[in-house]
Structures are given as C-alpha cells and as structure tokens.
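Structure file model.cif with mmCIF, C-alpha atoms:
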```
data_query
#
loop_
_atom_site.group_PDB
_atom_site.id
_atom_site.type_symbol
_atom_site.label_atom_id
_atom_site.label_comp_id
_atom_site.auth_asym_id
_atom_site.auth_seq_id
_atom_site.Cartn_x
_atom_site.Cartn_y
_atom_site.Cartn_z
ATOM 1 C CA MET A 20 14.336 -25.554 -9.287
ATOM 2 C CA TRP A 21 15.587 -22.268 -7.871
ATOM 3 C CA PRO A 22 16.998 -21.863 -4.352
ATOM 4 C CA ASN A 23 13.542 -21.165 -2.857
ATOM 5 C CA ASN A 24 12.204 -24.408 -4.381
ATOM 6 C CA GLU A 25 10.380 -22.299 -6.954
ATOM 7 C CA PRO A 26 10.059 -23.588 -10.504
ATOM 8 C CA ALA A 27 12.489 -22.061 -12.986
ATOM 9 C CA ALA A 28 10.904 -19.891 -15.678
ATOM 10 C CA PRO A 29 11.399 -20.697 -19.370
ATOM 11 C CA ASN A 30 14.585 -19.125 -20.738
ATOM 12 C CA PRO A 31 13.656 -16.577 -23.417
ATOM 13 C CA GLY A 32 16.754 -14.494 -22.555
ATOM 14 C CA ILE A 33 19.416 -13.627 -20.046
ATOM 15 C CA THR A 34 17.106 -11.908 -17.582
ATOM 16 C CA SER A 35 14.334 -14.473 -17.234
ATOM 17 C CA ARG A 36 16.922 -17.102 -16.354
ATOM 18 C CA LEU A 37 17.822 -14.920 -13.396
ATOM 19 C CA HIS A 38 14.180 -14.809 -12.322
ATOM 20 C CA THR A 39 13.187 -14.877 -8.646
ATOM 21 C CA GLY A 40 9.804 -14.529 -7.146
ATOM 22 C CA ARG A 41 6.823 -13.506 -5.078
ATOM 23 C CA HIS A 42 4.333 -11.763 -7.358
ATOM 24 C CA TRP A 43 2.808 -13.942 -10.050
ATOM 25 C CA ARG A 44 2.872 -13.432 -13.771
ATOM 26 C CA GLY A 45 0.747 -15.593 -16.024
ATOM 27 C CA LEU A 46 2.516 -17.434 -18.816
ATOM 28 C CA ALA A 47 -0.580 -19.447 -19.588
ATOM 29 C CA ASP A 48 -3.895 -20.004 -17.839
ATOM 30 C CA THR A 49 -2.564 -23.021 -15.968
ATOM 31 C CA GLU A 50 1.109 -22.093 -15.695
ATOM 32 C CA ARG A 51 2.308 -19.312 -13.368
ATOM 33 C CA TRP A 52 5.817 -18.266 -12.375
ATOM 34 C CA PRO A 53 6.744 -16.103 -9.360
ATOM 35 C CA VAL A 54 8.474 -12.699 -9.672
ATOM 36 C CA ARG A 55 10.099 -11.346 -6.500
ATOM 37 C CA ASN A 56 10.276 -7.692 -5.549
ATOM 38 C CA ASP A 57 12.144 -7.838 -2.231
ATOM 39 C CA PHE A 58 15.385 -6.364 -3.499
ATOM 40 C CA PRO A 59 18.706 -5.784 -1.743
ATOM 41 C CA GLU A 60 19.274 -2.462 0.010
ATOM 42 C CA ASP A 61 21.475 -0.839 -2.630
ATOM 43 C CA ALA A 62 21.112 1.603 -5.537
ATOM 44 C CA ASP A 63 19.846 -1.067 -7.962
ATOM 45 C CA GLY A 64 17.334 -2.417 -5.449
ATOM 46 C CA ASP A 65 16.163 1.101 -4.609
ATOM 47 C CA ALA A 66 15.627 1.896 -8.288
ATOM 48 C CA LEU A 67 13.619 -1.302 -8.841
ATOM 49 C CA ARG A 68 11.410 -0.524 -5.842
ATOM 50 C CA LYS A 69 10.723 2.936 -7.321
ATOM 51 C CA PHE A 70 9.689 1.396 -10.653
ATOM 52 C CA VAL A 71 7.256 -0.938 -8.887
ATOM 53 C CA GLN A 72 5.862 1.965 -6.835
ATOM 54 C CA GLY A 73 5.526 3.968 -10.064
ATOM 55 C CA GLY A 74 3.327 1.289 -11.620
ATOM 56 C CA SER A 75 5.776 -0.762 -13.681
ATOM 57 C CA ASP A 76 5.117 -4.495 -13.896
ATOM 58 C CA LEU A 77 8.435 -6.296 -13.431
ATOM 59 C CA SER A 78 6.991 -9.446 -14.955
ATOM 60 C CA LYS A 79 6.846 -7.661 -18.320
ATOM 61 C CA PRO A 80 9.876 -6.569 -20.333
ATOM 62 C CA MET A 81 10.937 -2.939 -20.549
ATOM 63 C CA LEU A 82 13.666 -1.036 -22.367
ATOM 64 C CA ILE A 83 16.577 -0.415 -20.016
ATOM 65 C CA ASN A 84 19.399 1.965 -20.910
ATOM 66 C CA PHE A 85 22.821 1.225 -19.416
ATOM 67 C CA GLN A 86 25.316 4.069 -19.481
ATOM 68 C CA VAL A 87 28.988 3.221 -19.903
ATOM 69 C CA ALA A 88 31.508 6.005 -19.294
ATOM 70 C CA VAL A 89 34.495 6.086 -21.641
ATOM 71 C CA PRO A 90 37.484 8.448 -21.849
ATOM 72 C CA ASP A 91 37.130 9.610 -25.461
ATOM 73 C CA GLU A 92 35.142 9.345 -28.668
ATOM 74 C CA LYS A 93 37.481 6.704 -30.132
ATOM 75 C CA ALA A 94 36.877 4.431 -27.117
ATOM 76 C CA ALA A 95 33.132 5.023 -27.398
ATOM 77 C CA THR A 96 33.155 4.058 -31.072
ATOM 78 C CA GLY A 97 35.122 0.883 -30.310
ATOM 79 C CA LEU A 98 32.690 -0.090 -27.574
ATOM 80 C CA VAL A 99 29.742 0.537 -29.920
ATOM 81 C CA ASP A 100 31.034 -2.113 -32.328
ATOM 82 C CA VAL A 101 31.455 -4.717 -29.578
ATOM 83 C CA ALA A 102 28.115 -3.983 -27.877
ATOM 84 C CA ARG A 103 26.127 -4.080 -31.137
ATOM 85 C CA LYS A 104 27.527 -7.524 -31.921
ATOM 86 C CA LEU A 105 25.978 -8.691 -28.635
ATOM 87 C CA GLY A 106 22.574 -7.266 -29.567
ATOM 88 C CA TYR A 107 22.537 -3.987 -27.656
ATOM 89 C CA GLN A 108 20.969 -0.884 -29.189
ATOM 90 C CA VAL A 109 23.777 1.629 -28.852
ATOM 91 C CA SER A 110 24.185 5.408 -28.947
ATOM 92 C CA VAL A 111 27.132 7.637 -28.108
ATOM 93 C CA TYR A 112 27.136 11.158 -26.743
ATOM 94 C CA ALA A 113 29.467 13.637 -25.100
ATOM 95 C CA SER A 114 28.909 13.811 -21.343
ATOM 96 C CA PRO A 115 31.343 16.335 -19.856
ATOM 97 C CA GLU A 116 29.370 16.435 -16.576
ATOM 98 C CA CYS A 117 29.802 12.685 -15.967
ATOM 99 C CA SER A 118 32.687 10.633 -14.575
ATOM 100 C CA MET A 119 34.262 10.524 -18.058
ATOM 101 C CA PRO A 120 33.649 12.884 -20.979
ATOM 102 C CA TRP A 121 31.898 10.344 -23.273
ATOM 103 C CA THR A 122 29.020 7.929 -22.727
ATOM 104 C CA CYS A 123 28.147 4.841 -24.709
ATOM 105 C CA GLU A 124 24.521 4.003 -23.917
ATOM 106 C CA CYS A 125 23.755 0.294 -24.368
ATOM 107 C CA SER A 126 20.033 -0.478 -24.330
ATOM 108 C CA THR A 127 18.169 -3.746 -24.233
ATOM 109 C CA ARG A 128 14.572 -4.855 -23.725
ATOM 110 C CA MET A 129 14.483 -7.200 -20.741
ATOM 111 C CA LEU A 130 12.728 -8.205 -17.555
ATOM 112 C CA ALA A 131 13.939 -5.841 -14.845
ATOM 113 C CA THR A 132 15.203 -8.380 -12.349
ATOM 114 C CA TYR A 133 17.882 -7.528 -9.842
ATOM 115 C CA GLY A 134 20.048 -10.421 -11.023
ATOM 116 C CA GLY A 135 19.551 -9.465 -14.659
ATOM 117 C CA LEU A 136 20.598 -5.867 -14.031
ATOM 118 C CA ILE A 137 23.718 -6.991 -12.178
ATOM 119 C CA ALA A 138 24.562 -9.489 -14.943
ATOM 120 C CA ILE A 139 24.282 -6.832 -17.667
ATOM 121 C CA GLN A 140 26.393 -4.359 -15.681
ATOM 122 C CA THR A 141 29.023 -7.059 -15.129
ATOM 123 C CA GLU A 142 29.043 -7.884 -18.841
ATOM 124 C CA LEU A 143 29.334 -4.209 -19.777
ATOM 125 C CA ALA A 144 32.198 -3.743 -17.287
ATOM 126 C CA LYS A 145 34.126 -6.519 -19.038
ATOM 127 C CA LEU A 146 33.357 -5.070 -22.468
ATOM 128 C CA ALA A 147 34.303 -1.519 -21.441
ATOM 129 C CA SER A 148 37.542 -2.361 -19.643
ATOM 130 C CA PRO A 149 39.736 -2.648 -22.784
ATOM 131 C CA PHE A 150 38.483 0.804 -23.822
ATOM 132 C CA GLY A 151 39.271 2.368 -20.433
ATOM 133 C CA GLY A 152 35.585 2.606 -19.547
ATOM 134 C CA HIS A 153 33.210 1.456 -16.835
ATOM 135 C CA PRO A 154 29.438 1.188 -16.240
ATOM 136 C CA ASP A 155 28.038 4.474 -14.995
ATOM 137 C CA GLY A 156 24.405 3.745 -14.160
ATOM 138 C CA TRP A 157 21.208 2.663 -15.850
ATOM 139 C CA GLY A 158 17.696 3.910 -16.291
ATOM 140 C CA THR A 159 14.322 3.138 -17.791
ATOM 141 C CA PHE A 160 10.968 4.775 -18.313
ATOM 142 C CA GLY A 161 9.459 1.507 -17.064
ATOM 143 C CA ASN A 162 6.494 -0.157 -18.676
ATOM 144 C CA ASP A 163 3.517 1.323 -16.852
ATOM 145 C CA THR A 164 2.394 2.840 -20.177
ATOM 146 C CA ASP A 165 3.248 -0.145 -22.435
ATOM 147 C CA ALA A 166 0.355 -1.565 -24.417
#
```
Here is the file; what I need is its structure written in the form of structure tokens.
Amino acid sequence: MWPNNEPAAPNPGITSRLHTGRHWRGLADTERWPVRNDFPEDADGDALRKFVQGGSDLSKPMLINFQVAVPDEKAATGLVDVARKLGYQVSVYASPECSMPWTCECSTRMLATYGGLIAIQTELAKLASPFGGHPDGWGTFGNDTDA
C-alpha cells in the first residue's frame, strides 16, 4: 500500500513504482490504479501540469529527454557510455548557449510521474558528477498524439 492507502501498481519499471494517484488508468477491466496530478509547486510540477493541460495522459508512457550539461566533448562521451549501459537512449551535442558548452541528452520512455522525474534527475546527477556535469532540464512532446 502507498501512503494514501492506495494499492501499489505493478512494477514494470522505475517510474510506475513511484506511482501516486487520483485519475484512473485501466490495467484490466476489473483492475484500476490511481494516477495523481496534484503536483508540487516547482518547475517539474509546473511542467507536468502543462502536459496534462495539453492533452497528455500521464497514465501512459511517453519519451522524456533529460539534458545533462557537461564541460567538454570528452566528458560527454564518457557519460554516454555510462548512460547507455543503464538503458538510456543517448545523444551528444554542442550547446554553447547553455550552462556548460556540451549536452548529453539521456532519453527514456516512462510514465511521467513527479517522483519518477525526480528519481531520474537524481540518478543522472550521480552519473554526471564524475564528468563534471549536472542535470540541466528535461522535456517531452508528451503522448497526446501517441497511437
């Protein structure tokens, strides 16, 4: 059971384990699990509210791209190797307008839960630290057009 005495959702991945809830998503005709959308008043919560308002269904997975700022191309390449081993889709690009001149974008398909987003950013912070990097935001196109 979760803190609100809600049943825990099955654990298909890191984000569903961090599931909370008010809206309902059907897992089967007789089995329903709640999905909450009352997020904290911060940048991550604000972004999630915008995705809901834009038509995304937070009970369905979506591709989320996490940007990690790194000081140079060598650090970016090192982070790519580590992130890929953990299952992230990874790309690297120069980003002179950002907090550091290189970005390693680590993408994963997941449920967009507040707890899941925080967990991924925490994991990426730990991965990026030895390379002199840090998380520098995230984004998604949502899933309002997914089939």
Query raised in the report: How many Å lie between atom CA of A:Gly161 and atom CA of A:Arg128, rounded to one decimal?
Result: 10.5 Å
Report task. Please write the residues picked by the PyMOL selection byres ((chain A and resi 137-144) around 10) on this file as JSON, numbers by chain. Result -> {"A": [33, 34, 37, 63, 85, 86, 87, 88, 98, 102, 125, 127, 132, 133, 134, 135, 136, 145, 146, 147, 148, 149, 151, 152, 153, 154, 155, 156, 157]}
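Distances to A:Pro90 were evaluated for A:Asn162, A:Ser78, A:Ser110, A:Ser118 using all atoms listed in the file, and the minimum falls at A:Ser118.
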Requested in this report: Counting only C-alpha atoms, figure out which residue out of A:Val111, A:Phe150, A:Asp100, A:Ala131 gets nearest to A:Phe70.
Outcome: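 Residue with the minimum atom-to-atom distance to A:Phe70: A:Ala131.
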Query raised in the report: Quick one: which residues end up in the PyMOL selection byres ((chain A and resi 81) around 9) for this structure, as a list in words?
Result: Ser75, Asp76, Leu77, Lys79, Pro80, Leu82, Ile83, Thr127, Arg128, Met129, Leu130, Ala131, Thr159, Phe160, Gly161, Asn162 and Asp165 of chain A
Query raised in the report: What gap, in Å, lies between atom CA of A:Val89 and atom CA of A:Ser114?
Result: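 Computing the Euclidean distance for atom CA of A:Val89 and atom CA of A:Ser114 yields 9.5 Å.
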Query raised in the report: Using only C-alpha atoms, which of the listed residues (A:Gly158, A:Gly73, A:Ser126, A:Glu92) sits closest to A:Gln108?
Result: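 Going through A:Gly158, A:Gly73, A:Ser126, A:Glu92 one by one, the smallest distance to A:Gln108 is for A:Ser126.
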Query raised in the report: Which is closer to A:Asp91 than all the others in A:Pro59, A:Pro120, A:Gly106, A:Gly64, using only C-alpha atoms?
Result: A:Pro120
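Going from atom CA of A:Asn84 to atom CA of A:Tyr107 covers 9.5 Å.
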Query - For A:Ala94, the nearest of the candidates A:Leu67, A:Gly74, A:Met119, A:Asp57, counting only C-alpha atoms - result: A:Met119
First collect every listed atom of stretch 151-162 of chain A; then fit an axis-aligned box around them, widen it by 3 Å on each side, and give centre and edge lengths in Å to one decimal, as lines of an AutoDock Vina configuration file.
```
center_x = 22.9
center_y = 2.3
center_z = -17.3
size_x = 38.8
size_y = 10.9
size_z = 12.3
```
